[in-house]
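Shown next: coords_29.txt, containing compact mmCIF, C-alpha atoms.
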```
# COMPACT_ATOMS: atom_id res chain seq x y z
CA MET G 174 1.91 127.53 35.59
CA ASP G 175 3.97 127.94 38.77
CA ALA G 176 6.87 130.34 39.22
CA TRP G 177 9.52 127.62 38.79
CA THR G 178 8.07 126.55 35.44
CA ILE G 179 7.98 130.17 34.28
CA VAL G 180 11.66 130.56 35.23
CA LEU G 181 12.58 127.35 33.35
CA VAL G 182 10.70 128.49 30.23
CA ALA G 183 12.35 131.90 30.40
CA LEU G 184 15.79 130.33 30.79
CA SER G 185 15.14 127.96 27.89
CA VAL G 186 14.03 130.81 25.62
CA THR G 187 17.06 132.87 26.64
CA PHE G 188 19.42 129.94 26.02
CA LEU G 189 17.82 129.29 22.60
CA ALA G 190 18.16 132.96 21.67
CA ILE G 191 21.82 132.94 22.71
CA LEU G 192 22.41 129.73 20.74
CA ILE G 193 20.83 131.21 17.61
CA ALA G 194 22.91 134.36 18.03
CA VAL G 195 26.09 132.30 18.37
CA VAL G 196 25.24 130.22 15.29
CA LEU G 197 24.52 133.36 13.27
CA PHE G 198 27.69 134.99 14.52
CA MET G 199 29.80 131.94 13.63
CA GLY G 200 28.25 131.90 10.16
CA TYR G 201 29.07 135.56 9.63
CA LEU G 202 32.54 135.04 11.11
CA ARG G 203 33.19 132.19 8.71
CA LEU G 204 32.07 134.35 5.80
CA ILE G 205 34.25 137.25 6.95
CA LEU G 206 37.27 134.93 7.29
CA THR G 207 36.65 133.54 3.81
CA ILE G 208 36.47 137.03 2.30
CA ALA G 209 39.68 137.99 4.10
CA SER G 210 41.51 134.86 2.88
CA PHE G 211 40.63 135.61 -0.76
CA MET G 212 41.48 139.33 -0.75
CA GLY G 213 45.17 138.90 -1.54
CA PRO G 214 44.89 136.03 -4.06
CA ASN G 215 41.96 137.64 -5.91
CA THR G 216 43.80 140.94 -6.17
CA ARG G 217 46.79 139.12 -7.72
CA LEU G 218 44.63 137.15 -10.17
CA VAL G 219 42.87 140.27 -11.39
CA ALA G 220 46.18 142.16 -11.60
CA ILE G 221 47.71 139.40 -13.77
CA GLY G 222 44.54 139.26 -15.83
CA ALA G 223 44.19 137.88 -19.33
CA ARG G 224 44.76 140.89 -21.57
CA PHE G 225 44.63 139.00 -24.79
CA THR G 226 41.10 137.79 -24.28
CA ARG G 227 39.86 141.38 -24.65
CA ARG G 228 38.76 142.27 -28.17
CA GLU G 229 40.41 145.70 -28.16
CA GLU G 230 43.75 144.19 -27.13
CA VAL G 231 43.83 141.47 -29.78
CA GLU G 232 42.61 143.89 -32.44
CA ARG G 233 45.52 146.15 -31.54
CA LEU G 234 47.94 143.24 -31.98
CA LEU G 235 46.34 142.32 -35.28
CA GLU G 236 47.04 145.81 -36.55
CA LEU G 237 50.73 145.71 -35.54
CA GLY G 238 51.56 143.27 -38.30
CA SER G 239 55.18 142.81 -37.14
CA LEU G 240 56.26 139.63 -35.35
CA SER G 241 58.79 141.48 -33.21
CA GLU G 242 56.19 144.05 -32.12
CA ILE G 243 53.68 141.34 -31.16
CA LEU G 244 56.33 139.40 -29.23
CA SER G 245 57.28 142.59 -27.37
CA GLU G 246 53.65 143.07 -26.34
CA ILE G 247 52.98 139.51 -25.18
CA ARG G 248 56.20 139.42 -23.13
CA THR G 249 54.60 141.97 -20.80
CA SER G 250 52.01 139.27 -19.92
CA GLY G 251 54.56 136.61 -18.99
CA TYR G 252 55.02 134.93 -22.36
CA ASP G 253 58.73 135.50 -22.85
CA LEU G 254 59.19 133.67 -26.15
CA LYS G 255 62.60 133.66 -27.82
CA ASP G 256 63.59 132.73 -31.37
CA VAL G 257 60.00 131.99 -32.37
CA GLU G 258 60.81 131.83 -36.07
CA GLY G 259 63.64 129.39 -35.46
CA MET G 260 61.85 127.02 -33.06
CA GLY G 261 59.13 125.74 -35.39
CA LEU G 262 55.37 125.67 -34.99
CA GLU G 263 55.07 122.69 -32.64
CA ALA G 264 57.84 123.95 -30.36
CA MET G 265 56.25 127.40 -30.29
CA GLU G 266 52.87 125.95 -29.29
CA THR G 267 54.50 123.88 -26.55
CA GLU G 268 56.40 126.88 -25.17
CA ILE G 269 53.29 129.09 -25.12
CA GLU G 270 51.36 126.34 -23.34
CA ARG G 271 54.18 125.73 -20.85
CA LYS G 272 54.36 129.44 -19.99
CA MET G 273 50.59 129.54 -19.54
CA VAL G 274 50.62 126.53 -17.18
CA GLU G 275 53.50 128.06 -15.23
CA ILE G 276 51.55 131.31 -14.75
CA ILE G 277 48.43 129.46 -13.57
CA SER G 278 50.36 127.12 -11.27
CA THR G 279 52.20 130.02 -9.61
CA ALA G 280 48.96 131.94 -9.13
CA PHE G 281 47.21 128.87 -7.70
CA SER G 282 49.99 128.29 -5.16
CA SER G 283 48.70 131.17 -3.00
CA LEU G 284 45.02 130.15 -3.00
CA PRO G 285 43.22 129.46 0.31
CA GLU G 286 42.54 125.86 1.31
CA ALA G 287 38.82 126.53 0.87
CA VAL G 288 39.15 126.29 -2.92
CA ARG G 289 42.21 124.04 -3.22
CA PRO G 290 40.28 120.93 -4.43
CA PHE G 291 39.04 122.89 -7.45
CA ALA G 292 42.53 124.17 -8.26
CA ASP G 293 44.00 120.65 -8.13
CA ALA G 294 41.21 119.28 -10.33
CA TYR G 295 41.66 122.06 -12.87
CA MET G 296 45.40 121.48 -13.11
CA LEU G 297 44.57 117.91 -14.06
CA ARG G 298 43.37 119.34 -17.41
CA PHE G 299 46.98 120.25 -18.23
CA ASP G 300 48.30 116.93 -16.92
CA ASN G 301 45.85 115.34 -19.33
CA ARG G 302 47.23 117.31 -22.27
CA VAL G 303 50.80 116.30 -21.55
CA ALA G 304 49.94 112.65 -20.89
CA THR G 305 47.90 112.26 -24.08
CA ARG G 306 50.68 113.96 -26.07
CA VAL G 307 53.16 111.36 -24.83
CA ILE G 308 50.76 108.51 -25.56
CA LYS G 309 50.12 109.69 -29.13
CA ALA G 310 53.85 110.10 -29.70
CA LYS G 311 54.47 106.57 -28.42
CA TYR G 312 51.76 105.26 -30.72
CA ALA G 313 53.42 107.07 -33.65
CA GLY G 314 56.78 105.51 -32.77
CA GLU G 315 58.55 108.76 -31.93
CA ARG G 316 61.90 108.65 -30.15
CA PRO G 317 62.10 109.68 -26.45
CA TYR G 318 64.45 112.52 -27.42
CA ASP G 319 61.84 114.00 -29.76
CA ILE G 320 58.99 113.49 -27.28
CA GLU G 321 60.86 115.38 -24.57
CA LYS G 322 60.85 118.52 -26.71
CA LYS G 323 57.06 118.87 -26.59
CA VAL G 324 56.20 117.91 -23.01
CA TYR G 325 56.81 119.30 -19.53
CA PRO G 326 55.89 118.41 -15.91
CA VAL G 327 52.65 119.84 -14.54
CA ARG G 328 51.23 118.80 -11.18
CA PHE G 329 50.38 115.11 -11.14
CA ILE G 330 52.52 114.43 -14.19
CA THR G 331 55.67 115.03 -12.17
CA PRO G 332 59.19 114.96 -13.65
CA GLU G 333 59.52 111.32 -12.54
CA VAL G 334 56.15 110.27 -13.98
CA LEU G 335 56.96 112.08 -17.21
CA ARG G 336 60.37 110.43 -17.45
CA GLN G 337 58.85 106.97 -17.03
CA MET G 338 56.20 107.67 -19.67
CA VAL G 339 58.71 109.05 -22.18
CA ASP G 340 61.09 106.12 -21.67
CA ALA G 341 58.35 103.48 -21.84
CA ALA G 342 58.85 100.96 -24.64
CA THR G 343 55.19 100.69 -25.58
CA VAL G 344 51.87 102.51 -25.33
CA GLU G 345 50.77 99.99 -22.70
CA GLU G 346 53.80 100.71 -20.51
CA ALA G 347 53.28 104.46 -20.81
CA LEU G 348 49.61 104.12 -19.82
CA ALA G 349 50.52 101.88 -16.88
CA VAL G 350 52.60 104.74 -15.40
CA LEU G 351 49.40 106.78 -15.06
CA ASP G 352 48.11 104.33 -12.46
CA ALA G 353 50.00 106.39 -9.84
CA THR G 354 48.12 109.56 -10.85
CA PRO G 355 44.45 110.59 -10.47
CA PHE G 356 43.78 108.93 -13.85
CA GLY G 357 44.33 105.57 -12.18
CA ASP G 358 43.91 102.47 -14.34
CA VAL G 359 41.22 104.03 -16.56
CA PRO G 360 43.53 104.83 -19.53
CA LEU G 361 45.16 101.38 -19.58
CA LYS G 362 41.86 99.53 -19.18
CA THR G 363 40.34 101.58 -22.00
CA TRP G 364 43.30 100.86 -24.27
CA SER G 365 43.22 97.14 -23.43
CA ALA G 366 39.52 97.02 -24.33
CA THR G 367 39.65 99.13 -27.50
CA GLU G 368 43.25 99.75 -28.65
CA ASN G 369 41.83 103.08 -29.81
CA LEU G 370 43.51 106.40 -28.95
CA VAL G 371 40.26 108.35 -29.37
CA SER G 372 38.62 106.13 -26.75
CA VAL G 373 41.56 106.70 -24.40
CA ASP G 374 41.33 110.48 -24.96
CA THR G 375 37.61 110.39 -24.20
CA ALA G 376 38.10 108.32 -21.05
CA MET G 377 40.80 110.66 -19.73
CA ASP G 378 38.70 113.74 -20.52
CA LYS G 379 35.89 112.20 -18.50
CA VAL G 380 38.21 111.59 -15.55
CA VAL G 381 39.14 115.29 -15.54
CA LEU G 382 35.51 116.42 -15.64
CA GLU G 383 34.52 113.92 -12.94
CA LYS G 384 37.34 115.21 -10.72
CA LEU G 385 36.12 118.76 -11.29
CA MET G 386 32.60 117.65 -10.37
CA GLU G 387 33.98 115.96 -7.25
CA SER G 388 35.75 119.20 -6.34
CA VAL G 389 32.35 120.91 -6.03
CA ARG G 390 31.63 118.57 -3.12
CA LEU G 391 35.07 119.00 -1.56
CA VAL G 392 35.44 122.79 -1.56
CA ASP G 393 34.31 124.84 1.42
CA GLU G 394 30.62 125.74 1.57
CA THR G 395 31.44 129.44 1.32
CA VAL G 396 32.94 129.00 -2.18
CA LYS G 397 30.64 126.27 -3.45
CA PRO G 398 28.23 128.55 -5.40
CA ALA G 399 30.99 129.91 -7.66
CA VAL G 400 32.66 126.55 -8.20
CA SER G 401 29.35 124.77 -8.79
CA ALA G 402 28.19 127.30 -11.40
CA PHE G 403 31.51 127.20 -13.25
CA VAL G 404 32.00 123.42 -13.25
CA GLY G 405 28.37 122.85 -14.19
CA MET G 406 28.82 125.16 -17.18
CA MET G 407 31.98 123.32 -18.27
CA ILE G 408 30.17 119.99 -18.13
CA ASP G 409 27.19 121.39 -20.06
CA VAL G 410 29.44 122.64 -22.85
CA HIS G 411 31.41 119.37 -22.94
CA ASN G 412 28.21 117.35 -23.18
CA VAL G 413 26.55 119.56 -25.81
CA THR G 414 29.62 119.71 -28.07
CA SER G 415 30.28 115.97 -27.63
CA MET G 416 26.67 115.21 -28.53
CA LEU G 417 26.72 117.43 -31.63
CA ARG G 418 30.07 116.02 -32.79
CA ALA G 419 28.79 112.48 -32.33
CA LYS G 420 25.62 113.29 -34.24
CA ASN G 421 27.56 114.95 -37.04
CA MET G 422 29.94 111.96 -37.35
CA GLU G 423 27.21 109.35 -36.72
CA ILE G 424 29.06 107.91 -33.73
CA GLU G 425 27.26 105.28 -31.66
CA ASN G 426 27.40 104.73 -27.88
CA VAL G 427 27.24 108.49 -27.31
CA GLU G 428 26.35 107.96 -23.64
CA GLU G 429 29.99 107.00 -23.02
CA LEU G 430 31.01 110.55 -23.90
CA LEU G 431 28.70 112.27 -21.44
CA VAL G 432 29.32 113.38 -17.86
CA GLU G 433 26.64 113.90 -15.23
CA GLY G 434 26.44 117.14 -13.27
CA GLY G 435 25.61 119.78 -15.88
CA TYR G 436 24.19 123.10 -14.72
CA GLU G 437 21.40 123.63 -17.26
CA VAL G 438 21.37 120.61 -19.58
CA PRO G 439 20.34 117.30 -17.95
CA LEU G 440 21.15 113.96 -19.58
CA TRP G 441 17.55 113.42 -20.72
CA LYS G 442 17.72 116.62 -22.78
CA LEU G 443 20.96 115.45 -24.35
CA LYS G 444 19.28 112.21 -25.36
CA GLN G 445 16.54 114.25 -27.04
CA MET G 446 19.25 116.09 -28.94
CA MET G 447 20.67 112.81 -30.18
CA GLU G 448 17.27 111.73 -31.44
CA ALA G 449 16.87 114.92 -33.50
CA ARG G 450 17.07 114.55 -37.29
CA SER G 451 19.52 117.42 -37.88
CA ILE G 452 22.00 119.72 -36.14
CA GLU G 453 19.40 122.50 -36.27
CA GLU G 454 16.78 120.33 -34.55
CA ALA G 455 19.32 119.21 -31.96
CA ILE G 456 20.18 122.83 -31.14
CA ALA G 457 16.46 123.62 -30.86
CA GLN G 458 16.26 121.16 -27.95
CA LEU G 459 18.35 123.62 -25.93
CA GLU G 460 15.64 126.28 -26.01
CA GLY G 461 15.10 127.61 -22.51
CA THR G 462 18.80 127.44 -21.61
CA SER G 463 21.28 130.30 -21.73
CA TYR G 464 23.26 128.43 -24.40
CA TYR G 465 20.41 128.51 -26.89
CA GLN G 466 20.62 132.28 -27.40
CA GLU G 467 24.30 131.92 -28.32
CA ILE G 468 23.96 129.16 -30.93
CA ARG G 469 20.36 129.09 -32.19
CA ASP G 470 21.25 130.58 -35.61
CA LEU G 471 24.34 128.42 -36.20
CA ARG G 472 24.45 125.48 -38.59
CA THR G 473 27.83 123.80 -38.18
CA VAL G 474 29.41 122.03 -35.21
CA LYS G 475 32.58 124.10 -35.56
CA ASP G 476 30.63 127.35 -35.30
CA VAL G 477 28.72 126.03 -32.27
CA GLU G 478 31.94 125.02 -30.51
CA ARG G 479 33.52 128.44 -31.04
CA ALA G 480 30.35 130.27 -29.92
CA LEU G 481 30.14 128.16 -26.75
CA GLU G 482 33.81 128.81 -25.98
CA ARG G 483 33.18 132.54 -26.20
CA TYR G 484 30.09 132.15 -24.05
CA MET G 485 32.06 130.22 -21.41
CA LEU G 486 34.61 133.02 -21.21
CA LYS G 487 31.87 135.64 -20.92
CA ARG G 488 29.98 133.61 -18.31
CA ALA G 489 33.19 132.97 -16.33
CA GLU G 490 33.70 136.75 -16.12
CA GLU G 491 30.15 137.13 -14.82
CA ILE G 492 30.82 134.48 -12.14
CA ALA G 493 34.05 136.31 -11.22
CA ARG G 494 32.14 139.55 -10.72
CA THR G 495 29.25 137.93 -8.83
CA TYR G 496 31.53 136.07 -6.42
CA TYR G 497 34.41 138.52 -6.39
CA SER G 498 34.95 138.24 -2.63
CA SER G 499 35.30 134.44 -2.74
CA ALA G 500 36.15 131.97 -5.53
CA GLY G 501 34.83 133.92 -8.53
CA PRO G 502 38.22 135.14 -9.82
CA THR G 503 39.73 131.72 -9.06
CA VAL G 504 37.41 129.86 -11.45
CA TRP G 505 37.64 132.54 -14.16
CA PHE G 506 41.43 132.87 -14.18
CA PRO G 507 42.62 129.50 -15.57
CA LEU G 508 39.97 129.40 -18.29
CA ALA G 509 40.81 132.95 -19.36
CA LYS G 510 44.53 132.12 -19.46
CA GLU G 511 43.84 129.04 -21.60
CA TYR G 512 42.02 131.13 -24.16
CA GLU G 513 44.64 133.85 -23.96
CA ALA G 514 47.36 131.30 -24.80
CA ARG G 515 45.31 130.06 -27.75
CA ASN G 516 44.80 133.62 -28.97
CA ILE G 517 48.53 134.34 -28.74
CA ARG G 518 49.26 131.22 -30.76
CA ALA G 519 46.72 132.23 -33.43
CA LEU G 520 48.10 135.78 -33.62
CA LEU G 521 51.71 134.62 -33.95
CA LEU G 522 50.81 131.95 -36.47
CA GLY G 523 48.84 134.50 -38.47
CA VAL G 524 51.84 136.78 -38.79
CA MET G 525 54.34 133.98 -39.42
CA LYS G 526 52.20 132.34 -42.11
CA ASN G 527 50.77 135.59 -43.51
CA VAL G 528 47.21 134.47 -42.78
CA ARG G 529 44.45 136.92 -43.64
CA LYS G 530 43.26 138.90 -40.61
CA GLU G 531 39.62 137.80 -40.91
CA PHE G 532 40.69 134.15 -40.60
CA VAL G 533 42.84 134.92 -37.55
CA ARG G 534 40.00 136.95 -36.05
CA ASP G 535 37.60 134.01 -36.50
CA ALA G 536 39.91 131.73 -34.50
CA LEU G 537 40.08 134.02 -31.46
CA VAL G 538 38.11 133.56 -28.24
CA VAL G 539 37.49 137.03 -26.87
CA VAL G 540 35.05 139.13 -24.88
CA GLU G 541 34.07 142.73 -25.50
```

Entire entry expressed as structure tokens:
Amino acid sequence: MDAWTIVLVALSVTFLAILIAVVLFMGYLRLILTIASFMGPNTRLVAIGARFTRREEVERLLELGSLSEILSEIRTSGYDLKDVEGMGLEAMETEIERKMVEIISTAFSSLPEAVRPFADAYMLRFDNRVATRVIKAKYAGERPYDIEKKVYPVRFITPEVLRQMVDAATVEEALAVLDATPFGDVPLKTWSATENLVSVDTAMDKVVLEKLMESVRLVDETVKPAVSAFVGMMIDVHNVTSMLRAKNMEIENVEELLVEGGYEVPLWKLKQMMEARSIEEAIAQLEGTSYYQEIRDLRTVKDVERALERYMLKRAEEIARTYYSSAGPTVWFPLAKEYEARNIRALLLGVMKNVRKEFVRDALVVVE
């Protein structure tokens, strides 16, 4: 090897070393920038928190026993409800939900672009609730004036979209308005094929989950682990509960209910669950997954659903802690606020209807 060749080899090795160093530096720089962009938003999410998903907090409210005392407590968490006794149960539920969506939407407005696709997809869950509420009201023949009282704009269900849906003369016209939203023509096509509201609900739920799954691909690589783990868990729980409900009610064409992309439960395992002879045997098919430990001793679909909801909340907290410097708190926050709103509703209803505490306690989704 002559001197010139040796020089070329040395230069090549040096250049390669520099290139590797630059690549590593850029990777670390990207990670550092991601951590910096999440510091402020994550601090706010944790500061807002979800007090009424903690067992000690809800137990304290249960012991208060007075509606005015409970309302005073929940107002400190952003649920400023007025004249609860006078507004009626449905209006109260709508107001609690609207406040919850408002809190989440405001918190999401300051998130970094890296996780924005997930935030938009999650907000579609609330758009779905409002849209299906309008559709069911239209099907029941309710007047626009009455429908307006229990709906509100979200993100993709804008004030204009909502106005058009409420004023629509028929279910078909209301569903057609959704063509301008991420739901596209799926709801109307499903209705045209089935004229069944349950089928429309199922189809719209699937759109939401598919958009969440798509968000895993669209978020930045630095936040993908947290988003992937969370969305995969949501799809697992949706699929397992859908499968068990279908089995319990002897519903056919179960495959239409399922969504691909689960974290621990592939579609082939779900098909094995459907072939089981009982709920107990179906649950046994989940052995080896983290869900099995939570539900293995349960015998009813209702108990399984509640146990999996509590597990999701617990697992979301674990994801938040594991990925605290990136999207962990972001994926935990909206789920925790959903369950908090449900807990507040159950607590208020318990006091207003004088429901026994053990029944209220059973309806709560909390973590220790």

In terms of the shortest atom-to-atom distance over all atoms listed in the file, which of G:Phe506, G:Leu417, G:Met525, G:Asp253 is closest to Thr473 (chain G)? G:Leu417

Restricting the calculation to only C-alpha atoms, which member of G:Ala220, G:Ala292, G:Leu235, G:Ala399 is positioned closest to Val528 (chain G)? G:Leu235

When you draw a straight line from CA of Val380 (chain G) to CA of Ile468 (chain G), how long is it in Å? 27.4 Å

Can you pull out every residue within 8 Å of region 424-434 of chain G, counting all atoms listed in the file, but drop anything in the same chain fewer than 3 positions away, and send it as number ranges by chain? G: 375-376, 379, 382-383, 386, 405, 408, 411-412, 415-416, 419-421, 439-440

Identify, on the basis of all atoms listed in the file, every residue whose closest approach to Tyr512 (chain G) does not exceed 8 Å; exclude the query and any residue fewer than 5 positions from it along the same chain; express the result as a VMD selection string. chain G and resid 226 538 to 539

Deliver the residues from the most recent selection as a file, using C-alpha atoms, as a PDB file, keeping the file's coordinate frame.
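File written: part-v5.pdb
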```pdb
ATOM      1  CA  THR G 226      41.100 137.790 -24.280  1.00  0.00           C
ATOM      2  CA  VAL G 538      38.110 133.560 -28.240  1.00  0.00           C
ATOM      3  CA  VAL G 539      37.490 137.030 -26.870  1.00  0.00           C
TER       4      VAL G 539
END
```

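Reported to one decimal place, the separation of CA of Leu218 (chain G) from CA of Asn301 (chain G) is 23.7 Å.
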
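When all atoms listed in the file are used to compute distances to Thr414 (chain G), the closest of the residues G:Thr495, G:Ile277, G:Ala480, G:Val339 turns out to be G:Ala480.
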
Give me the residues near Arg515 (chain G) as a PyMOL selection string, where near means some atom within 9 Å (using all atoms listed in the file) and where sequence neighbours in that chain fewer than 3 positions away do not count. chain G and resi 266+269-270+510-512+518-520+536-538

Go ahead and write the residues just picked, C-alpha atoms, as an mmCIF file, in the coordinates of the input.
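So part.cif came out as:
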```
data_model
loop_
_atom_site.group_PDB
_atom_site.id
_atom_site.type_symbol
_atom_site.label_atom_id
_atom_site.label_comp_id
_atom_site.auth_asym_id
_atom_site.auth_seq_id
_atom_site.Cartn_x
_atom_site.Cartn_y
_atom_site.Cartn_z
ATOM 1 C CA GLU G 266 52.870 125.950 -29.290
ATOM 2 C CA ILE G 269 53.290 129.090 -25.120
ATOM 3 C CA GLU G 270 51.360 126.340 -23.340
ATOM 4 C CA LYS G 510 44.530 132.120 -19.460
ATOM 5 C CA GLU G 511 43.840 129.040 -21.600
ATOM 6 C CA TYR G 512 42.020 131.130 -24.160
ATOM 7 C CA ARG G 518 49.260 131.220 -30.760
ATOM 8 C CA ALA G 519 46.720 132.230 -33.430
ATOM 9 C CA LEU G 520 48.100 135.780 -33.620
ATOM 10 C CA ALA G 536 39.910 131.730 -34.500
ATOM 11 C CA LEU G 537 40.080 134.020 -31.460
ATOM 12 C CA VAL G 538 38.110 133.560 -28.240
#
```

Counting all atoms listed in the file, figure out which residue out of G:Ser499, G:Ser239, G:Thr331, G:Thr305 gets nearest to Gly523 (chain G). G:Ser239

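Between CA of Glu467 (chain G) and CA of Glu453 (chain G) there is a distance of 13.3 Å.
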
Can you fill out region 334-356 of chain G with N, CA and C atoms and hand it back as a compact mmCIF listing (two decimals), keeping the file's coordinate frame?
```
# COMPACT_ATOMS: atom_id res chain seq x y z
N VAL G 334 57.21 110.92 -13.20
CA VAL G 334 56.15 110.27 -13.98
C VAL G 334 56.37 110.51 -15.47
N LEU G 335 56.73 111.74 -15.81
CA LEU G 335 56.96 112.08 -17.21
C LEU G 335 58.14 111.30 -17.77
N ARG G 336 59.20 111.18 -17.00
CA ARG G 336 60.37 110.43 -17.45
C ARG G 336 60.01 108.97 -17.73
N GLN G 337 59.25 108.37 -16.83
CA GLN G 337 58.85 106.97 -17.03
C GLN G 337 57.98 106.81 -18.27
N MET G 338 57.06 107.76 -18.50
CA MET G 338 56.20 107.67 -19.67
C MET G 338 57.00 107.82 -20.97
N VAL G 339 57.90 108.80 -20.98
CA VAL G 339 58.71 109.05 -22.18
C VAL G 339 59.60 107.86 -22.50
N ASP G 340 60.15 107.24 -21.47
CA ASP G 340 61.09 106.12 -21.67
C ASP G 340 60.39 104.78 -21.87
N ALA G 341 59.08 104.74 -21.68
CA ALA G 341 58.35 103.48 -21.84
C ALA G 341 58.53 102.92 -23.25
N ALA G 342 58.60 101.61 -23.34
CA ALA G 342 58.85 100.96 -24.64
C ALA G 342 57.60 100.87 -25.49
N THR G 343 56.44 100.86 -24.85
CA THR G 343 55.19 100.69 -25.58
C THR G 343 54.12 101.63 -25.05
N VAL G 344 53.02 101.73 -25.79
CA VAL G 344 51.87 102.51 -25.33
C VAL G 344 51.35 101.95 -24.01
N GLU G 345 51.28 100.63 -23.93
CA GLU G 345 50.77 99.99 -22.70
C GLU G 345 51.61 100.37 -21.48
N GLU G 346 52.93 100.36 -21.63
CA GLU G 346 53.80 100.71 -20.51
C GLU G 346 53.63 102.18 -20.12
N ALA G 347 53.48 103.04 -21.10
CA ALA G 347 53.28 104.46 -20.81
C ALA G 347 51.97 104.68 -20.07
N LEU G 348 50.91 103.99 -20.49
CA LEU G 348 49.61 104.12 -19.82
C LEU G 348 49.65 103.55 -18.41
N ALA G 349 50.43 102.50 -18.21
CA ALA G 349 50.52 101.88 -16.88
C ALA G 349 51.11 102.85 -15.86
N VAL G 350 51.99 103.75 -16.30
CA VAL G 350 52.60 104.74 -15.40
C VAL G 350 51.53 105.64 -14.79
N LEU G 351 50.46 105.89 -15.54
CA LEU G 351 49.40 106.78 -15.06
C LEU G 351 48.61 106.21 -13.89
N ASP G 352 48.82 104.95 -13.58
CA ASP G 352 48.11 104.33 -12.46
C ASP G 352 48.42 105.04 -11.14
N ALA G 353 49.60 105.70 -11.07
CA ALA G 353 50.00 106.39 -9.84
C ALA G 353 49.49 107.83 -9.80
N THR G 354 48.67 108.21 -10.77
CA THR G 354 48.12 109.56 -10.85
C THR G 354 46.60 109.49 -10.65
N PRO G 355 45.91 110.63 -10.60
CA PRO G 355 44.45 110.59 -10.47
C PRO G 355 43.73 109.89 -11.63
N PHE G 356 44.42 109.66 -12.75
CA PHE G 356 43.78 108.93 -13.85
C PHE G 356 43.62 107.45 -13.53
```
